[in-house]
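Data block for data.txt (compact mmCIF, C-alpha atoms):
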```
# COMPACT_ATOMS: atom_id res chain seq x y z
CA MET A 1 77.61 -45.19 -16.57
CA ILE A 2 75.63 -41.93 -16.54
CA ALA A 3 74.39 -40.77 -13.12
CA LEU A 4 70.78 -39.63 -13.45
CA GLY A 5 67.87 -39.27 -11.07
CA ILE A 6 65.15 -41.93 -11.01
CA GLU A 7 62.68 -39.44 -12.49
CA ILE A 8 64.83 -38.86 -15.58
CA LYS A 9 65.55 -42.60 -15.94
CA THR A 10 61.84 -43.36 -15.86
CA VAL A 11 61.07 -40.75 -18.48
CA LEU A 12 63.90 -42.00 -20.70
CA ILE A 13 62.65 -45.60 -20.56
CA VAL A 14 59.02 -44.67 -21.26
CA VAL A 15 59.96 -42.33 -24.11
CA SER A 16 62.34 -44.95 -25.55
CA VAL A 17 59.57 -47.56 -25.62
CA LEU A 18 57.21 -45.15 -27.42
CA VAL A 19 59.87 -44.09 -29.94
CA PHE A 20 60.92 -47.65 -30.77
CA LEU A 21 57.32 -48.80 -31.16
CA ALA A 22 56.58 -45.83 -33.43
CA SER A 23 59.64 -46.68 -35.53
CA GLY A 24 58.13 -49.99 -36.60
CA LEU A 25 60.94 -52.11 -35.13
CA PRO A 26 59.54 -55.42 -33.82
CA VAL A 27 58.57 -55.19 -30.16
CA ALA A 28 60.97 -57.93 -29.07
CA PHE A 29 64.00 -56.21 -30.59
CA SER A 30 62.79 -52.83 -29.34
CA LEU A 31 62.71 -54.10 -25.75
CA LEU A 32 66.07 -55.86 -26.12
CA THR A 33 67.68 -52.70 -27.52
CA ILE A 34 66.28 -50.56 -24.72
CA THR A 35 67.48 -53.10 -22.14
CA ILE A 36 71.01 -53.26 -23.54
CA LEU A 37 71.32 -49.47 -23.84
CA GLY A 38 69.78 -48.98 -20.41
CA TYR A 39 72.19 -51.37 -18.71
CA LEU A 40 75.14 -50.00 -20.67
CA PHE A 41 74.62 -46.29 -19.98
CA LEU A 42 72.42 -46.16 -16.85
CA VAL A 43 73.64 -49.12 -14.78
CA GLY A 44 77.09 -49.98 -16.09
CA PRO A 45 78.71 -52.27 -18.69
CA ASN A 46 79.18 -55.10 -16.20
CA ALA A 47 75.40 -55.34 -15.87
CA LEU A 48 75.25 -56.71 -19.43
CA TYR A 49 76.51 -60.05 -18.09
CA SER A 50 73.13 -60.51 -16.37
CA ILE A 51 71.19 -60.62 -19.65
CA ALA A 52 72.27 -64.11 -20.81
CA PRO A 53 71.19 -65.84 -17.54
CA ILE A 54 67.83 -64.08 -17.84
CA PHE A 55 67.37 -65.56 -21.32
CA PHE A 56 68.19 -69.06 -20.11
CA LYS A 57 65.99 -68.81 -17.02
CA THR A 58 63.04 -67.64 -19.12
CA ILE A 59 63.12 -70.27 -21.85
CA THR A 60 63.64 -73.12 -19.35
CA SER A 61 60.91 -72.14 -16.88
CA ASP A 62 57.98 -74.54 -16.55
CA VAL A 63 55.45 -71.97 -17.72
CA PHE A 64 57.24 -71.09 -20.92
CA ILE A 65 57.92 -74.74 -21.69
CA ALA A 66 54.12 -75.21 -21.79
CA VAL A 67 53.64 -72.45 -24.36
CA PRO A 68 54.95 -74.33 -27.46
CA LEU A 69 52.96 -77.41 -26.45
CA PHE A 70 49.65 -75.54 -26.41
CA ILE A 71 50.60 -73.73 -29.61
CA PHE A 72 51.26 -77.07 -31.34
CA MET A 73 47.95 -78.37 -30.00
CA ALA A 74 46.16 -75.39 -31.58
CA ALA A 75 48.12 -75.72 -34.83
CA VAL A 76 47.21 -79.41 -35.21
CA PHE A 77 43.58 -78.61 -34.55
CA GLU A 78 43.53 -75.87 -37.20
CA ALA A 79 45.60 -77.65 -39.86
CA SER A 80 43.86 -81.02 -39.63
CA GLY A 81 40.41 -79.64 -40.37
CA ILE A 82 38.76 -80.80 -37.15
CA GLY A 83 36.95 -77.45 -37.04
CA ASP A 84 35.20 -78.33 -40.33
CA ARG A 85 33.72 -81.45 -38.79
CA MET A 86 32.65 -79.61 -35.64
CA TYR A 87 30.96 -76.89 -37.68
CA ASP A 88 29.07 -79.51 -39.68
CA ALA A 89 27.66 -80.96 -36.46
CA MET A 90 26.72 -77.52 -35.14
CA ASN A 91 25.07 -76.63 -38.44
CA LYS A 92 22.83 -79.71 -38.39
CA TRP A 93 21.65 -79.06 -34.85
CA MET A 94 21.24 -75.26 -34.77
CA ARG A 95 20.08 -74.19 -38.22
CA GLY A 96 16.38 -74.68 -37.46
CA LEU A 97 16.51 -72.16 -34.58
CA ARG A 98 16.17 -68.46 -35.35
CA GLY A 99 19.66 -67.05 -34.85
CA GLY A 100 20.82 -70.60 -34.15
CA LEU A 101 23.83 -70.53 -36.46
CA ALA A 102 25.12 -67.32 -34.85
CA MET A 103 24.59 -68.70 -31.33
CA GLY A 104 26.09 -72.02 -32.39
CA THR A 105 29.11 -70.15 -33.76
CA VAL A 106 29.68 -68.53 -30.36
CA MET A 107 29.35 -71.90 -28.60
CA LEU A 108 31.64 -73.61 -31.06
CA CYS A 109 34.20 -70.82 -30.72
CA THR A 110 34.01 -71.37 -26.95
CA LEU A 111 34.84 -75.04 -27.45
CA ILE A 112 37.65 -74.18 -29.87
CA ALA A 113 38.95 -71.68 -27.32
CA ALA A 114 39.12 -74.45 -24.74
CA ILE A 115 41.28 -76.42 -27.18
CA SER A 116 43.51 -73.74 -28.68
CA GLY A 117 43.81 -70.84 -26.21
CA LEU A 118 44.46 -68.39 -29.04
CA VAL A 119 42.32 -65.70 -30.66
CA GLY A 120 43.51 -66.22 -34.20
CA SER A 121 42.72 -69.94 -34.45
CA ALA A 122 39.03 -69.59 -33.57
CA GLU A 123 38.49 -66.44 -35.63
CA VAL A 124 40.20 -67.77 -38.76
CA THR A 125 38.61 -71.23 -38.53
CA MET A 126 35.08 -70.03 -37.83
CA GLY A 127 35.43 -67.00 -40.08
CA MET A 128 36.11 -69.24 -43.07
CA LEU A 129 33.36 -71.71 -42.16
CA ALA A 130 30.58 -69.92 -40.31
CA TYR A 131 30.43 -66.52 -42.01
CA PRO A 132 29.77 -67.83 -45.57
CA GLY A 133 27.31 -70.37 -44.15
CA MET A 134 25.30 -67.72 -42.32
CA ARG A 135 25.31 -65.30 -45.25
CA LYS A 136 24.17 -68.07 -47.60
CA ARG A 137 21.16 -68.62 -45.35
CA GLY A 138 20.18 -64.95 -45.26
CA TYR A 139 21.76 -63.88 -41.97
CA ASP A 140 22.43 -60.18 -41.46
CA LYS A 141 26.04 -59.35 -42.32
CA ASN A 142 26.85 -57.56 -39.07
CA LEU A 143 25.24 -60.29 -36.98
CA ALA A 144 27.31 -62.95 -38.75
CA ILE A 145 30.57 -61.01 -38.37
CA GLY A 146 29.91 -60.13 -34.74
CA SER A 147 29.22 -63.72 -33.66
CA VAL A 148 32.56 -64.87 -35.10
CA LEU A 149 34.53 -62.00 -33.55
CA ALA A 150 32.81 -62.29 -30.17
CA GLY A 151 33.23 -66.05 -29.95
CA GLY A 152 36.80 -65.92 -31.20
CA SER A 153 37.76 -63.37 -28.55
CA LEU A 154 37.11 -65.93 -25.81
CA GLY A 155 40.30 -67.86 -26.69
CA PRO A 156 42.64 -66.12 -24.21
CA LEU A 157 39.98 -66.09 -21.46
CA ILE A 158 38.82 -69.70 -21.41
CA PRO A 159 41.57 -72.12 -20.38
CA PRO A 160 43.98 -73.35 -21.50
CA SER A 161 45.10 -69.88 -22.53
CA VAL A 162 48.47 -69.00 -24.02
CA PRO A 163 48.26 -65.33 -22.91
CA MET A 164 47.47 -66.51 -19.38
CA LEU A 165 50.59 -68.70 -19.46
CA LEU A 166 52.64 -65.66 -20.43
CA VAL A 167 51.05 -63.53 -17.71
CA SER A 168 51.80 -66.30 -15.22
CA GLY A 169 55.40 -66.51 -16.38
CA MET A 170 55.88 -62.76 -15.97
CA THR A 171 54.18 -62.50 -12.57
CA SER A 172 54.83 -65.82 -10.80
CA VAL A 173 51.05 -66.20 -10.33
CA SER A 174 50.00 -69.85 -10.47
CA SER A 175 49.07 -70.68 -14.07
CA GLY A 176 46.61 -73.30 -12.82
CA LYS A 177 44.77 -70.78 -10.65
CA LEU A 178 44.81 -68.19 -13.41
CA PHE A 179 43.37 -70.75 -15.83
CA ILE A 180 40.52 -71.57 -13.48
CA ALA A 181 39.84 -67.89 -12.77
CA GLY A 182 38.81 -67.49 -16.41
CA VAL A 183 36.19 -70.25 -16.42
CA ILE A 184 33.17 -68.47 -14.91
CA PRO A 185 33.77 -65.08 -16.61
CA GLY A 186 34.45 -66.81 -19.94
CA LEU A 187 31.30 -68.90 -19.82
CA THR A 188 29.34 -65.84 -18.64
CA CYS A 189 30.51 -63.89 -21.69
CA ALA A 190 29.57 -66.78 -23.99
CA PHE A 191 26.11 -67.05 -22.40
CA LEU A 192 25.46 -63.30 -22.64
CA PHE A 193 26.65 -63.24 -26.26
CA CYS A 194 24.15 -65.99 -27.11
CA LEU A 195 21.39 -64.29 -25.09
CA TYR A 196 21.98 -61.03 -26.94
CA ILE A 197 21.86 -62.79 -30.32
CA GLY A 198 18.69 -64.69 -29.39
CA LEU A 199 16.87 -61.60 -28.13
CA ARG A 200 17.92 -59.48 -31.07
CA CYS A 201 16.76 -62.12 -33.57
CA PHE A 202 13.49 -62.56 -31.67
CA PHE A 203 12.63 -58.86 -31.95
CA ASN A 204 14.00 -58.45 -35.48
CA LYS A 205 13.27 -61.62 -37.41
CA ARG A 206 14.82 -60.28 -40.61
CA LEU A 207 18.28 -60.60 -39.08
CA ALA A 208 18.21 -64.40 -39.09
CA PRO A 209 15.71 -66.26 -41.31
CA VAL A 210 14.98 -69.83 -40.26
CA ASP A 211 16.57 -72.47 -42.53
CA LEU A 212 16.21 -71.08 -46.02
CA SER A 213 17.94 -74.17 -47.39
CA ASP A 214 16.02 -77.09 -48.84
CA THR A 215 18.22 -79.51 -46.93
CA LYS A 216 16.54 -81.10 -43.91
CA TYR A 217 18.24 -83.28 -41.33
CA ASP A 218 16.45 -86.03 -39.46
CA TRP A 219 17.28 -86.94 -35.87
CA GLY A 220 19.38 -89.90 -36.92
CA GLU A 221 21.63 -87.73 -39.04
CA ARG A 222 21.91 -85.15 -36.28
CA LEU A 223 22.89 -87.79 -33.74
CA ARG A 224 25.48 -89.24 -36.11
CA ALA A 225 26.97 -85.76 -36.56
CA LEU A 226 27.67 -85.59 -32.82
CA LYS A 227 30.50 -88.09 -33.23
CA ASN A 228 32.55 -85.20 -34.65
CA LEU A 229 32.35 -83.49 -31.26
CA ILE A 230 33.16 -86.49 -29.05
CA ALA A 231 36.94 -86.57 -29.46
CA PRO A 232 37.50 -82.78 -29.07
CA ILE A 233 35.22 -82.67 -26.01
CA ILE A 234 37.04 -85.61 -24.41
CA LEU A 235 40.34 -83.80 -25.05
CA VAL A 236 39.04 -80.62 -23.38
CA ILE A 237 37.76 -82.58 -20.37
CA LEU A 238 41.06 -84.47 -20.09
CA VAL A 239 43.25 -81.36 -20.25
CA LEU A 240 41.14 -79.08 -18.05
CA GLY A 241 39.99 -81.84 -15.70
CA GLY A 242 43.57 -82.90 -15.13
CA ILE A 243 44.59 -79.35 -14.24
CA TYR A 244 41.57 -78.73 -12.01
CA GLY A 245 41.88 -82.09 -10.30
CA GLY A 246 45.60 -81.69 -9.67
CA ALA A 247 46.47 -84.79 -11.72
CA PHE A 248 49.10 -82.85 -13.66
CA THR A 249 50.56 -79.39 -14.03
CA PRO A 250 49.68 -76.98 -16.86
CA THR A 251 53.00 -77.87 -18.50
CA GLU A 252 52.16 -81.56 -18.44
CA ALA A 253 48.66 -80.69 -19.63
CA GLY A 254 50.20 -79.00 -22.66
CA GLY A 255 52.03 -82.19 -23.57
CA ILE A 256 48.89 -84.27 -23.12
CA GLY A 257 46.91 -81.75 -25.17
CA ALA A 258 49.43 -81.84 -28.02
CA ILE A 259 49.41 -85.64 -28.15
CA GLY A 260 45.63 -85.65 -27.72
CA ALA A 261 45.20 -83.31 -30.69
CA LEU A 262 47.19 -85.73 -32.86
CA ILE A 263 45.12 -88.67 -31.61
CA CYS A 264 41.88 -86.75 -32.29
CA SER A 265 42.94 -86.00 -35.85
CA VAL A 266 43.86 -89.67 -36.39
CA ILE A 267 40.53 -90.87 -34.99
CA MET A 268 38.63 -88.39 -37.15
CA ARG A 269 40.81 -89.30 -40.15
CA THR A 270 41.82 -85.71 -40.82
CA LEU A 271 45.57 -86.08 -40.23
CA THR A 272 47.73 -86.13 -43.35
CA PHE A 273 51.40 -85.55 -43.94
CA GLN A 274 50.65 -82.12 -45.38
CA SER A 275 48.43 -81.10 -42.45
CA LEU A 276 51.06 -82.30 -39.95
CA LYS A 277 53.79 -80.39 -41.80
CA ARG A 278 51.62 -77.27 -41.82
CA ALA A 279 50.94 -77.63 -38.08
CA VAL A 280 54.64 -78.04 -37.26
CA VAL A 281 55.68 -75.03 -39.37
CA THR A 282 52.89 -72.88 -37.87
CA ALA A 283 53.83 -73.91 -34.33
CA PHE A 284 57.51 -73.10 -34.97
CA ARG A 285 56.70 -69.66 -36.35
CA VAL A 286 54.27 -68.66 -33.60
CA ASN A 287 56.47 -70.06 -30.85
CA ALA A 288 59.57 -68.30 -32.18
CA MET A 289 57.72 -64.98 -32.09
CA ILE A 290 56.38 -65.55 -28.59
CA MET A 291 59.67 -66.77 -27.14
CA TRP A 292 61.57 -63.77 -28.53
CA LEU A 293 58.99 -61.54 -26.88
CA ALA A 294 59.21 -63.57 -23.67
CA ILE A 295 62.98 -63.26 -23.30
CA ALA A 296 62.90 -59.60 -24.34
CA GLY A 297 60.12 -58.92 -21.82
CA SER A 298 62.03 -60.69 -19.06
CA ALA A 299 65.16 -58.68 -19.82
CA PHE A 300 63.15 -55.44 -19.87
CA SER A 301 61.54 -56.46 -16.58
CA SER A 302 64.96 -56.90 -14.97
CA LEU A 303 66.00 -53.44 -16.19
CA VAL A 304 63.00 -51.56 -14.78
CA GLY A 305 63.25 -53.58 -11.59
CA SER A 306 66.96 -53.01 -10.99
CA MET A 307 66.62 -49.28 -11.68
CA GLY A 308 63.63 -48.88 -9.36
CA VAL A 309 61.29 -47.63 -12.08
CA SER A 310 58.35 -49.76 -10.92
CA ARG A 311 58.77 -48.57 -7.34
CA PHE A 312 59.00 -44.94 -8.47
CA VAL A 313 55.85 -45.16 -10.62
CA GLY A 314 54.00 -46.87 -7.76
CA ASN A 315 55.03 -44.17 -5.30
CA LEU A 316 54.01 -41.54 -7.84
CA MET A 317 50.51 -43.00 -8.14
CA GLN A 318 50.16 -43.20 -4.36
CA SER A 319 51.25 -39.56 -4.06
CA PHE A 320 48.09 -38.64 -5.95
CA THR A 321 46.16 -40.14 -3.00
CA LEU A 322 44.73 -42.88 -5.18
CA GLU A 323 43.24 -45.84 -3.38
CA PRO A 324 44.16 -49.36 -4.59
CA THR A 325 40.89 -49.40 -6.55
CA GLY A 326 41.84 -46.19 -8.33
CA ILE A 327 45.35 -47.45 -9.09
CA LEU A 328 43.86 -50.65 -10.51
CA MET A 329 41.45 -48.67 -12.70
CA VAL A 330 44.29 -46.53 -14.09
CA MET A 331 46.41 -49.57 -14.96
CA LEU A 332 43.51 -51.40 -16.60
CA SER A 333 42.55 -48.29 -18.58
CA ILE A 334 46.10 -47.99 -19.92
CA THR A 335 46.06 -51.69 -20.85
CA LEU A 336 42.69 -51.36 -22.61
CA ILE A 337 43.89 -48.43 -24.70
CA MET A 338 47.11 -50.22 -25.64
CA GLY A 339 45.09 -53.30 -26.59
CA CYS A 340 43.49 -51.27 -29.36
CA PHE A 341 46.89 -50.75 -30.99
CA ILE A 342 49.32 -53.52 -29.96
CA ASP A 343 49.13 -57.33 -29.82
CA THR A 344 48.56 -59.06 -26.48
CA VAL A 345 52.00 -60.61 -26.07
CA SER A 346 53.74 -57.27 -26.56
CA ILE A 347 51.48 -55.56 -24.02
CA ILE A 348 52.16 -58.31 -21.50
CA MET A 349 55.91 -57.86 -21.88
CA ILE A 350 55.78 -54.05 -21.77
CA ASN A 351 53.21 -53.45 -19.01
CA LEU A 352 53.60 -56.25 -16.48
CA PRO A 353 57.19 -55.48 -15.44
CA MET A 354 55.97 -52.09 -14.20
CA MET A 355 52.37 -52.83 -13.25
CA MET A 356 52.72 -56.04 -11.25
CA PRO A 357 55.01 -54.54 -8.57
CA ILE A 358 52.68 -51.54 -8.32
CA ALA A 359 49.70 -53.86 -7.79
CA ALA A 360 51.57 -55.89 -5.18
CA ASN A 361 52.73 -52.77 -3.28
CA SER A 362 49.17 -51.43 -3.34
CA GLY A 363 47.83 -54.55 -1.63
CA ILE A 364 45.98 -55.87 -4.72
CA ASP A 365 45.63 -59.65 -4.90
CA PRO A 366 48.16 -60.77 -7.58
CA LEU A 367 45.77 -63.41 -8.96
CA PHE A 368 42.93 -60.89 -9.14
CA PHE A 369 45.12 -58.35 -10.93
CA ALA A 370 46.52 -60.96 -13.33
CA PHE A 371 43.01 -62.05 -14.31
CA LEU A 372 41.65 -58.51 -14.75
CA PHE A 373 44.74 -57.61 -16.76
CA THR A 374 44.20 -60.61 -19.07
CA MET A 375 40.50 -59.90 -19.57
CA THR A 376 41.21 -56.23 -20.31
CA LEU A 377 43.70 -57.33 -22.97
CA ILE A 378 41.02 -59.47 -24.60
CA ILE A 379 38.51 -56.61 -24.73
CA GLY A 380 41.14 -54.32 -26.21
CA MET A 381 41.75 -56.81 -29.02
CA ILE A 382 38.19 -56.42 -30.33
CA THR A 383 37.76 -52.71 -29.54
CA PRO A 384 37.57 -50.34 -32.56
CA PRO A 385 39.28 -48.70 -34.28
CA PHE A 386 42.56 -50.62 -34.07
CA GLY A 387 41.86 -53.76 -32.04
CA TYR A 388 44.17 -56.12 -33.91
CA ALA A 389 41.79 -59.10 -33.75
CA LEU A 390 39.43 -57.13 -35.99
CA PHE A 391 42.03 -57.22 -38.73
CA TYR A 392 42.21 -61.02 -38.53
CA PHE A 393 38.68 -61.16 -39.87
CA ASN A 394 39.31 -58.43 -42.43
CA GLY A 395 42.32 -60.41 -43.62
CA LEU A 396 40.08 -63.33 -44.64
CA GLY A 397 39.29 -61.33 -47.76
CA PHE A 398 35.49 -61.49 -47.99
CA GLU A 399 34.49 -59.07 -50.75
CA ASP A 400 31.29 -57.93 -49.02
CA VAL A 401 33.02 -57.10 -45.71
CA THR A 402 34.45 -53.66 -44.96
CA MET A 403 36.14 -52.37 -41.82
CA SER A 404 33.01 -50.28 -41.21
CA ASN A 405 30.96 -53.52 -41.09
CA ILE A 406 33.44 -55.04 -38.67
CA TYR A 407 33.42 -51.99 -36.38
CA ARG A 408 29.61 -51.87 -36.20
CA SER A 409 29.27 -55.61 -35.67
CA VAL A 410 31.58 -55.85 -32.68
CA VAL A 411 30.40 -52.88 -30.58
CA PRO A 412 27.56 -54.74 -28.74
CA TYR A 413 29.94 -57.53 -27.76
CA VAL A 414 32.53 -55.06 -26.49
CA ILE A 415 29.82 -53.55 -24.27
CA ILE A 416 28.83 -56.99 -22.98
CA SER A 417 32.48 -57.89 -22.29
CA MET A 418 32.98 -54.59 -20.44
CA PHE A 419 29.89 -55.36 -18.37
CA VAL A 420 31.35 -58.73 -17.33
CA LEU A 421 34.72 -57.08 -16.57
CA ILE A 422 33.00 -54.51 -14.34
CA LEU A 423 31.11 -57.31 -12.56
CA CYS A 424 34.41 -59.10 -11.91
CA PHE A 425 35.96 -55.83 -10.75
CA LEU A 426 33.13 -55.13 -8.30
CA PHE A 427 32.70 -58.74 -7.16
CA PRO A 428 36.15 -60.40 -7.05
CA GLN A 429 34.66 -63.74 -6.02
CA ILE A 430 33.32 -64.22 -9.56
CA PRO A 431 36.81 -65.01 -10.90
CA LEU A 432 38.42 -66.04 -7.60
CA TRP A 433 35.87 -68.47 -6.15
CA LEU A 434 36.80 -71.46 -8.30
CA PRO A 435 40.61 -71.19 -8.01
CA ASN A 436 40.46 -70.58 -4.26
CA HIS A 437 38.33 -73.69 -3.75
CA MET A 438 39.88 -76.05 -6.31
CA ILE A 439 43.62 -75.43 -6.05
CA ARG A 440 45.60 -74.98 -2.86
```
Could you write out this structure as structure tokens?
Amino acid sequence: MIALGIEIKTVLIVVSVLVFLASGLPVAFSLLTITILGYLFLVGPNALYSIAPIFFKTITSDVFIAVPLFIFMAAVFEASGIGDRMYDAMNKWMRGLRGGLAMGTVMLCTLIAAISGLVGSAEVTMGMLAYPGMRKRGYDKNLAIGSVLAGGSLGPLIPPSVPMLLVSGMTSVSSGKLFIAGVIPGLTCAFLFCLYIGLRCFFNKRLAPVDLSDTKYDWGERLRALKNLIAPIILVILVLGGIYGGAFTPTEAGGIGAIGALICSVIMRTLTFQSLKRAVVTAFRVNAMIMWLAIAGSAFSSLVGSMGVSRFVGNLMQSFTLEPTGILMVMLSITLIMGCFIDTVSIIMINLPMMMPIAANSGIDPLFFAFLFTMTLIIGMITPPFGYALFYFNGLGFEDVTMSNIYRSVVPYVIISMFVLILCFLFPQIPLWLPNHMIR
């Protein structure tokens, strides 16, 4: 063991994280390597015995047991083609309204978000379906791209949310309360996105021509198309209603959601052996990545906690005479910048071990901080130039789409999301009112 001051230990850990990330080594293995070396040289070899129990405690906790269930729920939804049916219904109802397909895309992404809880599922599904449909009908390219990206970004904010489950697991904040905290801000973002699209199309009619297709749908056909929305909506109500009403925990809700997704795909006759196989393989891959990050993040958290790094950083911030509001702004700003470069799960595992104790010692409500942290992550994902969610859309391979188009299209929605974040920052009751009144 090497005897060093807490200042030097803190610098070593921070620099090690930056060096390992810059090296290209996966974040999970970077954090594990730093943890092992830190315990070995800065705490003592005997401290290595504590790592295995941390792994076991993490992967068997209720919160992390729920993660693979919600991932499988999202994978079944994506692989079975339920999104195709939902888009068909939205198309028949919204195409006669100026900007209707773009607004419908945001609303449908909101519904998909309430089913999947992931950014990628909504963006990939709606990117493949909605973007070509809007372009075929003469929609402006940037408007079409922006509606998909904006709607898809709501996945981690509107419950059930996989990132919120991870934040809950790393902070001990109630996952049920954190879920509910995202409802009003998430729906507010969706409403403002649609309002922006509607107003922009109203003042610039060239952005969204009204129904250039020769195909017309009567009311009977529109009503019949609604049957494609019934099963997914019932599933959302069952999962979220059960959590809000206290009928079951978020972990149990994940199991019900996974089974419900299978039942939905059977009812809608979209489940095949190939789609089920694809869903299982996708769920295994995504869950393996997340669980490696989870156990690595937990181990890293134990290292910075046992060495007093979090306490030192918190005392350092307070020495600058920063009020709790200022400390919160600094931490959220760091998270926003990191969100432009690194995926959400990695940021959760790197930042929360140091930031959560600082927030608690500064007198900041843990639920309030956990929500603001999650929403800041989401905004970072769609913030140019390196918000990684932007590259999901670019990866779809549309020949007429460049990164410049994607950057321009998403800026208005980033501004709207920042506006909602500032509202929540200034008026904490916006995110906290529902959880404080619905769950005790």
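Put simply, CA of Ile197 in chain A is 15.3 Å away from CA of Gly152 in chain A.
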- [ ] Enter the distance from CA of Gly242 in chain A to CA of Pro160 in chain A, in Å, rounded to one decimal.
- [x] 11.5 Å
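The smallest atom-to-atom distance between Leu434 in chain A and any of A:Lys277, A:Lys177, A:Arg85, A:Arg285, using all atoms listed in the file, is found for A:Lys177.
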Task: Counting all atoms listed in the file, the residue of A:Ala144, A:Ala181, A:Met73, A:Leu40 that sits nearest Leu235 in chain A - done: A:Met73
TODO: In Å, rounded to a single decimal, give me how far CA of Phe248 in chain A is from CA of Gly81 in chain A.
DONE: 28.3 Å
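With all atoms listed in the file as the atoms that count, the minimum distance from Gly104 in chain A to the choices A:Tyr388, A:Phe191, A:Phe393, A:Phe72 is reached by A:Phe191.
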Open item on the list: From the options A:Val304, A:Leu377, A:Leu372, A:Ala294, which residue's atoms come nearest to Pro156 in chain A, counting only C-alpha atoms?
Closed with: A:Leu377
- [ ] Could you give me, as number ranges by chain, the residues that sit within 10 Å of (24.4, -69.8, -43.9) in the file's coordinates, counting all atoms listed in the file?
- [x] A: 91, 95, 101-102, 129-139, 144, 208-209, 211-213
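Residues within 9 Å of Val76 in chain A, counting only C-alpha atoms and excluding same-chain residues fewer than 2 positions away, are A:Ile71, A:Phe72, A:Met73, A:Ala74, A:Glu78, A:Ala79, A:Ser80, A:Gly81, A:Ile82, A:Ala258, A:Ala261, A:Leu262, A:Ser265, A:Leu271, A:Ser275, A:Leu276, A:Arg278, A:Ala279, A:Val280, A:Ala283.
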Open item on the list: Show me the residues around (56.0, -67.9, -18.3) - criterion: an atom at most 7 Å away, all atoms listed in the file counted - as an MDAnalysis selection string.
Closed with: chainID A and resid 61 63:64 165:170
Open item on the list: I want to know what sits within 10 Å of range 413-422 of chain A, based on all atoms listed in the file, with residues of the same chain fewer than 5 positions away left out; could you give that as a PyMOL selection string?
Closed with: chain A and resi 146-147+149-151+153-154+185-186+188-190+192-193+196-197+371-372+375-376+378-384+427-428+430-431
- [ ] Find, counting all atoms listed in the file, the residue in A:Phe202, A:Leu143, A:Trp93, A:Cys109 that gets nearest to Ile158 in chain A.
- [x] A:Cys109
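Neighbouring residues of range 7-14 of chain A at 10 Å or closer, counting only C-alpha atoms and skipping chain neighbours under 4 positions away, are Ala3, Leu18, Val19, Leu31, Ile34, Thr35, Gly38, Leu42, Phe300, Leu303, Val304, Met307, Gly308, Val309, Ser310, Phe312, Val313 and Ile350 of chain A.
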Give me the residues within 10 Å of Asn228 in chain A as a compact mmCIF listing (two decimals) with C-alpha atoms, keeping the file's coordinate frame, counting all atoms listed in the file and dropping any in the same chain fewer than 6 places off.
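around32.txt was written with the following content:
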```
# COMPACT_ATOMS: atom_id res chain seq x y z
CA ILE A 82 38.76 -80.80 -37.15
CA GLY A 83 36.95 -77.45 -37.04
CA ASP A 84 35.20 -78.33 -40.33
CA ARG A 85 33.72 -81.45 -38.79
CA MET A 86 32.65 -79.61 -35.64
CA TYR A 87 30.96 -76.89 -37.68
CA ASP A 88 29.07 -79.51 -39.68
CA ALA A 89 27.66 -80.96 -36.46
CA MET A 90 26.72 -77.52 -35.14
CA CYS A 264 41.88 -86.75 -32.29
CA ILE A 267 40.53 -90.87 -34.99
CA MET A 268 38.63 -88.39 -37.15
```
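Residue nearest Trp433 in chain A, chosen from A:Phe29, A:Phe373, A:Phe368, A:Phe41 and counting only C-alpha atoms: A:Phe368.
By chain and then residue number, the residues within 9 Å of Leu328 in chain A are Glu323, Pro324, Thr325, Gly326, Val330, Met331, Leu332, Ser333, Ala359, Ser362, Ile364 and Phe369 of chain A, counting all atoms listed in the file and disregarding those fewer than 2 positions away in sequence.
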Would you mind putting N, CA and C atoms back on range 136-143 of chain A and writing the result as a PDB file, in the frame of the given file?
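What ended up in out_13.pdb:
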```pdb
ATOM      1  N   LYS A 136      24.888 -67.280 -46.608  1.00  0.00           N
ATOM      2  CA  LYS A 136      24.170 -68.070 -47.600  1.00  0.00           C
ATOM      3  C   LYS A 136      22.731 -68.302 -47.176  1.00  0.00           C
ATOM      4  N   ARG A 137      22.502 -68.361 -45.865  1.00  0.00           N
ATOM      5  CA  ARG A 137      21.160 -68.620 -45.350  1.00  0.00           C
ATOM      6  C   ARG A 137      20.435 -67.341 -44.963  1.00  0.00           C
ATOM      7  N   GLY A 138      20.903 -66.206 -45.427  1.00  0.00           N
ATOM      8  CA  GLY A 138      20.180 -64.950 -45.260  1.00  0.00           C
ATOM      9  C   GLY A 138      20.433 -64.206 -43.974  1.00  0.00           C
ATOM     10  N   TYR A 139      21.461 -64.574 -43.215  1.00  0.00           N
ATOM     11  CA  TYR A 139      21.760 -63.880 -41.970  1.00  0.00           C
ATOM     12  C   TYR A 139      22.272 -62.467 -42.252  1.00  0.00           C
ATOM     13  N   ASP A 140      21.923 -61.536 -41.364  1.00  0.00           N
ATOM     14  CA  ASP A 140      22.430 -60.180 -41.460  1.00  0.00           C
ATOM     15  C   ASP A 140      23.956 -60.187 -41.393  1.00  0.00           C
ATOM     16  N   LYS A 141      24.574 -59.355 -42.221  1.00  0.00           N
ATOM     17  CA  LYS A 141      26.040 -59.350 -42.320  1.00  0.00           C
ATOM     18  C   LYS A 141      26.698 -59.023 -40.979  1.00  0.00           C
ATOM     19  N   ASN A 142      26.222 -57.965 -40.327  1.00  0.00           N
ATOM     20  CA  ASN A 142      26.850 -57.560 -39.070  1.00  0.00           C
ATOM     21  C   ASN A 142      26.651 -58.590 -37.973  1.00  0.00           C
ATOM     22  N   LEU A 143      25.489 -59.249 -37.965  1.00  0.00           N
ATOM     23  CA  LEU A 143      25.240 -60.290 -36.980  1.00  0.00           C
ATOM     24  C   LEU A 143      26.203 -61.460 -37.185  1.00  0.00           C
TER      25      LEU A 143
END
```
